[in-house]
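First the structure, in the form of structure tokens, and then the observations on it.
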Amino acid sequence: MVYLDNNATTPIDRRVYEAMSPYLFEKFGNPSTLYSIGAEARAAVEEARKRVADLVGARPDEIVFTGCGSESDNMALKGVAFAHMERGKHIIVSSIEHHAVLNTAAYLEKIGFEVTYLPVDRYGMVDPDDLRRAIRSDTVLVSIMLANNEIGTIQPVKELCSVSHEKGVLFHTDAVQAAGKLKIDVEELGVDLLSLSAHKIYGPKGVGALYIRKGTKIHPLIHGGHQERGRRAGTENVAGIVGFGKAAEIALQEMEEEAVRIAELRDRLEMGILERIEDVIVNGHPERRLPNTTNISFCYIEGEAIILKLASRGIYASTGSACSSDTLEPSHVLMAIGLSPEVGHGSVRFSLGKFNTADDVDRTLEVLPEVVSNLREMSPFWRRKNVQR
Amino acid sequence: MVYLDNNATTPIDRRVYEAMSPYLFEKFGNPSTLYSIGAEARAAVEEARKRVADLVGARPDEIVFTGCGSESDNMALKGVAFAHMERGKHIIVSSIEHHAVLNTAAYLEKIGFEVTYLPVDRYGMVDPDDLRRAIRSDTVLVSIMLANNEIGTIQPVKELCSVSHEKGVLFHTDAVQAAGKLKIDVEELGVDLLSLSAHKIYGPKGVGALYIRKGTKIHPLIHGGHQERGRRAGTENVAGIVGFGKAAEIALQEMEEEAVRIAELRDRLEMGILERIEDVIVNGHPERRLPNTTNISFCYIEGEAIILKLASRGIYASTGSACSSDTLEPSHVLMAIGLSPEVGHGSVRFSLGKFNTADDVDRTLEVLPEVVSNLREMSPFWRRKNVQR
Amino acid sequence: MYSDKVIEHFMHPRNVGKIEDADGVGKVGNPVCGDVMWIYIKVKDGKIVDCRFETFGCAAAIASSSVTTEMIKGKTIEEALKITNKAVAEALGGLPPQKMHCSLLAEQGIKAAIEDYMRRRKKGEEKGA
Amino acid sequence: MYSDKVIEHFMHPRNVGKIEDADGVGKVGNPVCGDVMWIYIKVKDGKIVDCRFETFGCAAAIASSSVTTEMIKGKTIEEALKITNKAVAEALGGLPPQKMHCSLLAEQGIKAAIEDYMRRRKKGEEKGA
Ligand SMILES: Cc1ncc(COP(=O)(O)O)c(C=O)c1O
Ligand SMILES: Cc1ncc(COP(=O)(O)O)c(C=O)c1O
């Protein structure tokens with residue numbers, strides 16, 4: 001198996017699995033209970049909190065564990081919007097956010113907020129001047145992702161954040177894809193809120209976290225018990241949180257080296273494709289891009305077909321966001337960077353991870369040209385294009 | 001170890017753990033992806049959905065997986081309140097709901113809804129006539145729990161639900177504690193929404209479910225991707241969901257027998273306490289009560305002290321809700337059934353589970369009298385009461 | 001997500017390609033939506049004796065094209081016109097709801113090809129007359 | 001949640017009980033809040049020679065009572081009055097924030113017992129005079 005869909009989800013690191021296991025079975029205590037087996041679970045959660053905090057340069061009490069990255073995004077947007085409603089009802093997001101941000105913004109619009117969607121350039125970059133112009137006196141939150149899940153473009157978050165802060169507006173960044181791939185320091189970036197998800201960094205599915213800078217006014221999304229200092233109710237997913245902590249610890253240790261190695265593999269794959277296959281377009285920023293991601297448009301054919309042909313040969317990649325694979329529209333990210341819908345439909349995201357090897361890349365480069373030409377043989381556009389030449 | 005705190009959380013059944021394990025490691029696919037390893041995860045999630053649906057007599061497509069029971073409660077209350085806002089902004093809950101319902105109701109109050117809190121009698125029962133009188137033309141939701149987590153009282157939900165439906169009002173019930181202990185059939189009860197949590201039925205922490213009757217208008221709590229048919233975004237906690245499914249399957253198979261066995265143990269414990277210790281009060285309904293729960297007030301002493309002394313002897317119980325163990329006030333449930341605060345403070349919940357044996361009960365009956373008399377020796381009230389005699 | 005039948009047709013599509021001297025060509029779909037289907041037919045004595053396709057689209061679109069060309073080969077024009085998208089989907093062992101439009105596209109492709117054939121024949125008759 | 005010191009004092013509280021012929025008794029706390037503490041002292045030549053307690057309350061309340069009685073035994077009235085709730089909490093190796101009120105209760109208990117002693121002495125002097 002050649003797994004090149006690490007932006008959709010990552011395999012779990014064996015060390016993560018082993019750290020979690022005991023908390024799934026013997027150590028079943030509820031962290032909220034007084035006695036020793038509760039205390040054990042509580043201590044494990046706090047240890048994990050420290051590790052996740054370390055991954056982004058935060059203080060442990062600024063980390064709230066959630067049920068997924070989407071919940072973190074929802075909490076950030078709704079929690080800030082509702083808590084600051086009296087000051088204003090305008091929020092700003094980029095047009096290439098993940099659906100967890102975009103659809104939450106759309107929901108807020110539906111219930112009476114106003115949302116500005118910032119455009120991006122052909123590489124997917126937001127212009128800080130656009131943001132400056134968009135901020136109004138009633139703006140309460142700006143949310144712009146650190147790195148995009150489909151094309152890997154890395155936003156100038158530090159700059160964007162300082163533009164927001166100049167105007168006294170809180171700043172959230174979705175770092176679900178950036179975490180574990182880039183060094184993140186909330187102090188350096190200056191952000192007030194930052195979303196994370198464990199299953200993108202070789203941890204378990206079903207756990208996320210939201211960094212909330214101390215002093216930031218926010219409403220909970222899930223009300224109830226006093227867990228997470230009253231900011232997120234519900235009995236803690238102890239095993240999941242422990243796994244997240246372990247994954248964060250490993251990411252912090254190995255990231256620097258891995259990022260270089262993975263970028264080399266990614267470049268080799270990208271170069272190889274450009275050399276072997278004509279009429280392809282590489283999407284995303286040439287430099288400011290996640291080290292593991294390459295998004296490529298194969299003109300004249302459709303992405304899902306490519307994915308399935310590759311899968312039948314044991315190579316797993318995806319068409320942009322897994323979440324949008326059900327809709328007919330091409331990815332909103334590819335549309336926002338100005339691709340035509342046809343080209344957008346023909347795009348494939350290869351996202352590498354720490355378990356990939358040079359063999360994986362070579363195997364892909366062996367299979368992919370066949371798959372593409374096979375599909376192009378069927379395409380009315382390919383034939384026509386060749387005729388037109 | 002004698003674990004008598006199964007209402008706080010249950011140990012995981014080994015079969016559940018074994019069913020989950022592969023999805024934590026080898027089978028790491030994202031259910032939203034197209035190719036085979038995604039399909040495997042998707043199939044596992046759908047299988048689990050069927051099992052959870054079976055546990056409550058629902059159709060699989062009426063089950064939405066969430067991150068915990070609290071999330072289910074939040075989604076039910078906020079989701080219905082927001083979706084029906086135009087019709088009215090009044091909701092009704094009982095005064096002995098779990099904090100996941102009560103604090104959500106309080107939040108809705110804060111942001112402009114009106115909430116009626118129904119009283120309960122000395123056994124913790126809601127009177128359907130009280131509900132009938134409380135329903136107004138602008139009432140959009142009634143939420144009354146199936147069984148109480150602290151005292152185990154079982155509400156006449158079928159009746160309460162039909163009172164609501166007579167007036168065209170949606171009905172939600174928190175069945176987090178009832179599930180796996182009582183037979184539940186959503187058709188029989190008639191409820192529109194019903195909350196569940198895996199870790200109360202020998203499943204993993206960090207997974208819940210909300211039953212939503214087909215056709216019920218509700219807003220998502222977590223917006224984003226198309227997961228759970230657009231009703232709850234976020235990459236699915238596949239392993240957790242699989243574990244929940246397994247736990248539901250086992251509960252359905254074993255519940256009937258287990259409920260009888262556990263009720264016998266519980267009664268033996270309760271009788272034993274009444275025989276051995278003076279000045280104790282049994283809380284909750286004498287008959288309409290969860291088979292595993294007994295809540296007992298030990299007059300003149302304080303509950304936390306009892307819990308810790310018991311824990312030091314390897315016996316784990318709790319003072320009411322784990323979630324409220326941080327506050328100074330006595331449990332809102334015990335206050336609602338009319339206990340004085342002093343007596344409320346001296347209450348202990350023993351909640352049995354399928355791993356308990358007669359030996360566990362006997363050991364508790366051996367240790368508890370000592371613990372109580374030891375603490376009473378220290379209490380100014382006990383001495384005085386004995387003098388007054 | 002896809003039935004084995006869909007996958008089989010997608011992996012080994014029948015009747016791929018262009019018919020250079022087709023009697024009718026149906027061009028349906030819209031690249032904006034991600035699916036374009038061109039259906040070529042060869043007709044002899046009121047019967048469809050050959051049928052081929054070119055498709056830009058997802059696995060369901062390709063499989064629908066493939067199975068449809070198989071279905072109509074050897075059929076009369078009248079019979080071919082009776083083929084519905086439901087029949088196409090059934091022949092594929094079902095399609096996921098969000099992919100049902102692919103079977104519809106195949107139905108439309110056939111109809112368009114037949115219309116094109118009719119139009120040409122009419123023209124030919126007029127000319128011939 | 002609790003330090004070892006708290007647990008140790010809770011499990012083995014010192015100076016439990018009533019002093020029948022106490023020179024001062026301090027009764028503080030409120031059963032509604034879940035903590036009531038009665039502190040008994042015996043004073044000789046301005047020194048607290050014995051001290052006992054009766055407490056209805058949680059582990060922190062019991063431990064605070066216990067450690068406080070130990071702390072003031074042998075101290076002069078003046079010294080005892082200087083004991084703060086912070087000192088009590090420190091002697092217990094710290095208390096969780098939501099339990100700090102227990103140490104405050106202990107401080108108040110001592111103060112109340114000493115006040116009671118003073119009042120009685122004054123009365124006694126008055127009577128004696
Ligand atoms: C009645 C009731 N409702 C809701 C909950 C919340 O469930 P969870 O801890 O999974 O959020 C609990 C348990 O704590 C409960 O007992
Ligand atoms: C950028 C981004 N944000 C948010 C999410 C949502 O995370 P989760 O799947 O944990 O809800 C994802 C992944 O799907 C993502 O790539």
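By convention here, the chains of the structure tokens are called A, B, ... in the order presented, each chain's residues are numbered starting at 1, and ligands are numbered starting at 1 in the order presented.
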Excluding same-chain residues fewer than 5 positions from Leu193 of chain B, what lies within 8 Å of it counting only C-alpha atoms, as an MDAnalysis selection string?
chainID B and resid 76 171:173 210:213
Using only C-alpha atoms, find each residue in chain D having at least one atom no more than 9 Å away from chain B; report its shortest atom-to-atom pair and that distance in Å (one decimal), rows by chain then rising number, as a tab-separated table.
residue	atom	partner	partner_atom	distance
D:Ile7	CA	B:Leu308	CA	8.8
D:Phe10	CA	B:Ala305	CA	8.4
D:Met11	CA	B:Lys309	CA	7.2
D:Val16	CA	B:Met378	CA	6.2
D:Gly17	CA	B:Met378	CA	6.3
D:Lys18	CA	B:Pro380	CA	8.6
D:Asn30	CA	B:Glu342	CA	8.9
D:Pro31	CA	B:Glu342	CA	5.2
D:Val32	CA	B:Pro341	CA	4.9
D:Cys33	CA	B:Leu328	CA	6.0
D:Gly34	CA	B:His345	CA	5.8
D:Asp35	CA	B:Glu302	CA	8.2
D:Val36	CA	B:Pro380	CA	8.0
D:Met37	CA	B:Pro380	CA	7.7
D:Trp38	CA	B:Pro380	CA	7.0
D:Phe53	CA	B:Met378	CA	7.7
D:Glu54	CA	B:Met378	CA	5.0
D:Thr55	CA	B:Ser379	CA	4.9
D:Phe56	CA	B:Ser379	CA	4.8
D:Gly57	CA	B:Glu302	CA	5.1
D:Cys58	CA	B:Ala305	CA	4.8
D:Ala59	CA	B:Ala305	CA	5.0
D:Ala60	CA	B:Ala305	CA	8.6
D:Ile62	CA	B:Ala305	CA	8.4
D:Gln98	CA	B:Asp326	CA	6.8
D:Lys99	CA	B:Asp326	CA	8.9
Save out the residues we just selected, C-alpha atoms, as a short mmCIF file (atom, residue, chain, number, x, y, z; two decimals), in the first residue's frame.
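Result file is selection.cif:
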data_model
loop_
_atom_site.label_atom_id
_atom_site.label_comp_id
_atom_site.auth_asym_id
_atom_site.auth_seq_id
_atom_site.Cartn_x
_atom_site.Cartn_y
_atom_site.Cartn_z
CA ILE D 7 -4.81 12.64 53.28
CA PHE D 10 -7.74 13.12 57.22
CA MET D 11 -7.07 9.43 57.70
CA VAL D 16 -10.42 14.58 67.78
CA GLY D 17 -13.15 15.10 70.31
CA LYS D 18 -14.61 17.36 72.88
CA ASN D 30 -22.63 26.38 58.30
CA PRO D 31 -24.10 22.97 57.63
CA VAL D 32 -25.71 24.38 54.47
CA CYS D 33 -22.24 24.80 53.01
CA GLY D 34 -21.21 21.38 54.20
CA ASP D 35 -18.61 22.39 56.80
CA VAL D 36 -18.98 22.95 60.52
CA MET D 37 -16.04 23.08 62.89
CA TRP D 38 -16.02 23.22 66.66
CA PHE D 53 -11.99 19.56 67.51
CA GLU D 54 -15.25 18.18 66.22
CA THR D 55 -15.90 18.63 62.53
CA PHE D 56 -18.69 17.92 60.11
CA GLY D 57 -17.19 18.29 56.68
CA CYS D 58 -15.05 17.06 53.87
CA ALA D 59 -11.55 15.67 54.01
CA ALA D 60 -10.04 19.14 53.72
CA ILE D 62 -11.13 17.51 58.81
CA GLN D 98 -12.07 25.21 45.90
CA LYS D 99 -11.06 23.88 49.33
#
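Taking only C-alpha atoms and all ligand atoms into account, ligand 2 lies nearest to B:Glu236 out of the set B:Glu236, B:Asp279, B:Glu370, B:Glu257.
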When the cut-off is 6 Å and you count only C-alpha atoms and all ligand atoms, which residues lie near ligand 1, shown as a count of residues only?
13
Around ligand 2, out to 9 Å and counting only C-alpha atoms and all ligand atoms, which residues are there? I want them as a CSV table (one decimal) with N, CA, C and O atoms, in the first residue's frame.
chain,number,residue,atom,x,y,z
A,7,ASN,N,-3.2,14.1,4.5
A,7,ASN,CA,-3.9,15.3,5.0
A,7,ASN,C,-5.4,14.9,5.3
A,7,ASN,O,-6.1,15.7,6.0
A,8,ALA,N,-5.8,13.8,4.8
A,8,ALA,CA,-7.2,13.3,5.1
A,8,ALA,C,-7.1,12.8,6.6
A,8,ALA,O,-7.9,13.1,7.4
A,9,THR,N,-6.2,11.8,6.7
A,9,THR,CA,-6.0,11.3,8.1
A,9,THR,C,-4.7,10.6,8.0
A,9,THR,O,-4.3,10.1,7.0
A,67,GLY,N,-13.7,17.4,20.7
A,67,GLY,CA,-14.0,16.1,20.0
A,67,GLY,C,-13.5,15.9,18.6
A,67,GLY,O,-13.5,14.8,18.1
A,68,CYS,N,-13.0,17.0,18.0
A,68,CYS,CA,-12.4,17.0,16.7
A,68,CYS,C,-12.0,18.4,16.3
A,68,CYS,O,-12.3,19.4,17.0
A,69,GLY,N,-11.2,18.5,15.2
A,69,GLY,CA,-10.8,19.8,14.7
A,69,GLY,C,-12.0,20.7,14.4
A,69,GLY,O,-12.0,21.9,14.6
A,70,SER,N,-13.0,20.0,13.8
A,70,SER,CA,-14.2,20.8,13.4
A,70,SER,C,-14.9,21.4,14.7
A,70,SER,O,-15.3,22.5,14.6
A,71,GLU,N,-14.9,20.6,15.8
A,71,GLU,CA,-15.5,21.2,17.0
A,71,GLU,C,-14.7,22.4,17.4
A,71,GLU,O,-15.2,23.4,17.8
A,72,SER,N,-13.3,22.3,17.3
A,72,SER,CA,-12.5,23.4,17.7
A,72,SER,C,-12.8,24.7,16.9
A,72,SER,O,-13.0,25.8,17.4
A,73,ASP,N,-12.9,24.5,15.6
A,73,ASP,CA,-13.3,25.6,14.7
A,73,ASP,C,-14.6,26.2,15.1
A,73,ASP,O,-14.8,27.4,15.1
A,97,GLU,N,-11.0,28.6,3.5
A,97,GLU,CA,-11.0,27.9,4.8
A,97,GLU,C,-11.6,26.5,4.6
A,97,GLU,O,-12.3,26.2,3.6
A,98,HIS,N,-11.3,25.6,5.6
A,98,HIS,CA,-11.9,24.3,5.6
A,98,HIS,C,-13.4,24.5,5.9
A,98,HIS,O,-13.8,25.5,6.4
A,99,HIS,N,-14.2,23.5,5.5
A,99,HIS,CA,-15.7,23.7,5.7
A,99,HIS,C,-16.1,23.8,7.1
A,99,HIS,O,-17.1,24.4,7.4
A,100,ALA,N,-15.2,23.4,8.0
A,100,ALA,CA,-15.6,23.5,9.5
A,100,ALA,C,-15.6,25.0,9.8
A,100,ALA,O,-16.4,25.4,10.7
A,101,VAL,N,-14.8,25.8,9.1
A,101,VAL,CA,-14.9,27.3,9.3
A,101,VAL,C,-15.9,27.9,8.4
A,101,VAL,O,-16.8,28.7,8.8
A,145,MET,N,-6.8,30.4,8.1
A,145,MET,CA,-6.1,29.2,8.4
A,145,MET,C,-4.6,29.4,8.3
A,145,MET,O,-4.1,30.2,7.5
A,146,LEU,N,-3.8,28.6,9.0
A,146,LEU,CA,-2.4,28.7,9.0
A,146,LEU,C,-1.9,28.0,7.7
A,146,LEU,O,-1.1,28.6,6.9
A,147,ALA,N,-2.4,26.8,7.4
A,147,ALA,CA,-2.0,26.2,6.1
A,147,ALA,C,-3.2,25.5,5.5
A,147,ALA,O,-4.0,24.9,6.3
A,148,ASN,N,-3.3,25.5,4.2
A,148,ASN,CA,-4.5,25.0,3.6
A,148,ASN,C,-4.4,23.5,3.4
A,148,ASN,O,-3.3,23.0,3.0
A,149,ASN,N,-5.5,22.8,3.6
A,149,ASN,CA,-5.5,21.3,3.5
A,149,ASN,C,-5.4,20.8,2.1
A,149,ASN,O,-5.0,19.7,1.9
A,150,GLU,N,-5.9,21.6,1.1
A,150,GLU,CA,-5.9,21.1,-0.2
A,150,GLU,C,-4.7,21.4,-1.0
A,150,GLU,O,-4.1,20.5,-1.7
A,174,ASP,N,-6.9,28.3,12.0
A,174,ASP,CA,-7.1,26.8,11.9
A,174,ASP,C,-5.7,26.2,11.6
A,174,ASP,O,-5.3,26.3,10.4
A,175,ALA,N,-5.1,25.6,12.6
A,175,ALA,CA,-3.8,25.0,12.4
A,175,ALA,C,-3.8,23.5,12.3
A,175,ALA,O,-2.8,22.8,12.5
A,176,VAL,N,-5.0,23.0,11.9
A,176,VAL,CA,-5.2,21.5,11.9
A,176,VAL,C,-4.2,20.9,10.9
A,176,VAL,O,-3.6,19.8,11.2
A,177,GLN,N,-4.0,21.5,9.8
A,177,GLN,CA,-3.0,20.9,8.8
A,177,GLN,C,-1.6,21.4,9.1
A,177,GLN,O,-0.6,20.6,8.7
A,178,ALA,N,-1.4,22.5,9.7
A,178,ALA,CA,0.0,23.0,9.9
A,178,ALA,C,0.7,22.2,11.0
A,178,ALA,O,1.9,22.0,10.9
A,195,SER,N,-6.8,26.2,16.3
A,195,SER,CA,-7.4,24.8,16.3
A,195,SER,C,-6.4,23.7,15.9
A,195,SER,O,-5.6,23.9,15.0
A,196,LEU,N,-6.6,22.6,16.6
A,196,LEU,CA,-5.8,21.4,16.3
A,196,LEU,C,-6.6,20.2,16.2
A,196,LEU,O,-7.7,20.1,16.8
A,197,SER,N,-6.1,19.1,15.6
A,197,SER,CA,-6.8,17.8,15.5
A,197,SER,C,-5.8,16.7,15.6
A,197,SER,O,-4.8,16.7,14.9
A,198,ALA,N,-6.0,15.7,16.4
A,198,ALA,CA,-5.0,14.7,16.7
A,198,ALA,C,-4.8,13.8,15.5
A,198,ALA,O,-3.7,13.4,15.3
A,199,HIS,N,-5.8,13.5,14.7
A,199,HIS,CA,-5.7,12.5,13.7
A,199,HIS,C,-4.9,13.0,12.5
A,199,HIS,O,-4.7,12.2,11.5
A,200,LYS,N,-4.5,14.2,12.5
A,200,LYS,CA,-3.7,14.7,11.4
A,200,LYS,C,-2.2,14.6,11.8
A,200,LYS,O,-1.3,14.9,11.0
A,205,LYS,N,-8.4,9.5,15.9
A,205,LYS,CA,-9.6,10.3,15.4
A,205,LYS,C,-10.5,10.6,16.6
A,205,LYS,O,-10.6,9.7,17.5
A,206,GLY,N,-11.2,11.7,16.5
A,206,GLY,CA,-12.1,12.0,17.6
A,206,GLY,C,-11.6,12.8,18.7
A,206,GLY,O,-12.2,12.8,19.8
A,207,VAL,N,-10.4,13.5,18.6
A,207,VAL,CA,-9.9,14.4,19.6
A,207,VAL,C,-9.3,15.6,18.9
A,207,VAL,O,-8.6,15.5,17.9
A,208,GLY,N,-9.7,16.7,19.4
A,208,GLY,CA,-9.1,18.0,18.9
A,208,GLY,C,-8.7,18.8,20.1
A,208,GLY,O,-8.9,18.4,21.2
A,321,SER,N,-10.4,18.1,-0.5
A,321,SER,CA,-10.9,17.8,0.8
A,321,SER,C,-11.8,16.5,0.8
A,321,SER,O,-12.7,16.4,0.0
A,322,ALA,N,-11.6,15.6,1.7
A,322,ALA,CA,-12.4,14.4,1.9
A,322,ALA,C,-13.8,14.8,2.1
A,322,ALA,O,-14.8,14.1,1.7
A,323,CYS,N,-14.0,15.9,2.8
A,323,CYS,CA,-15.4,16.3,3.2
A,323,CYS,C,-16.3,16.7,2.1
A,323,CYS,O,-17.5,16.7,2.2
B,30,ASN,N,-10.0,7.1,6.8
B,30,ASN,CA,-11.0,8.1,7.0
B,30,ASN,C,-12.3,7.7,6.3
B,30,ASN,O,-12.3,7.6,5.1
B,224,GLY,N,-19.7,21.9,9.3
B,224,GLY,CA,-18.5,21.7,8.6
B,224,GLY,C,-18.7,20.7,7.5
B,224,GLY,O,-19.6,20.9,6.6
B,225,GLY,N,-18.0,19.6,7.5
B,225,GLY,CA,-18.1,18.6,6.5
B,225,GLY,C,-19.4,17.9,6.5
B,225,GLY,O,-20.3,18.1,7.3
B,233,ALA,N,-20.5,17.6,11.9
B,233,ALA,CA,-19.3,17.6,11.1
B,233,ALA,C,-18.1,17.0,12.0
B,233,ALA,O,-18.2,16.9,13.2
B,234,GLY,N,-17.0,16.7,11.3
B,234,GLY,CA,-15.8,16.3,12.0
B,234,GLY,C,-15.5,14.8,11.6
B,234,GLY,O,-16.4,14.0,11.5
B,235,THR,N,-14.2,14.6,11.4
B,235,THR,CA,-13.8,13.2,11.0
B,235,THR,C,-14.3,12.3,12.2
B,235,THR,O,-14.1,12.5,13.3
B,236,GLU,N,-15.0,11.2,11.8
B,236,GLU,CA,-15.6,10.3,12.8
B,236,GLU,C,-14.5,9.6,13.7
B,236,GLU,O,-13.5,9.2,13.2
B,237,ASN,N,-14.9,9.5,14.9
B,237,ASN,CA,-14.1,8.8,15.9
B,237,ASN,C,-14.3,7.3,15.6
B,237,ASN,O,-15.1,6.6,16.4
Every residue of chain C that DSSP places in alpha helix (DSSP H), as JSON, numbers by chain
{"C": [4, 5, 6, 7, 8, 9, 10, 11, 59, 60, 61, 62, 63, 64, 65, 66, 67, 68, 69, 70, 71, 72, 77, 78, 79, 80, 81, 85, 86, 87, 88, 89, 90, 91, 100, 101, 102, 103, 104, 105, 106, 107, 108, 109, 110, 111, 112, 113, 114, 115, 116, 117, 118, 119, 120, 121, 122, 123, 124, 125, 126, 127, 128]}
Any idea what's packed within 9 Å of Pro31 of chain A, counting only C-alpha atoms, ignoring anything in its chain fewer than 6 positions away? Could you give it as a PyMOL selection string?
(chain A and resi 37-45+227+235-236+238) or (chain B and resi 322)
Using only C-alpha atoms: which of A:Pro204, A:Pro286, A:Gly124, A:Gly180 has the shortest distance to chain B:
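Of the candidates, the smallest distance to chain B is held by A:Pro204.
Picture a line from atom CA of Ile91 of chain A to atom CA of Leu55 of chain A; it runs 27.8 Å.
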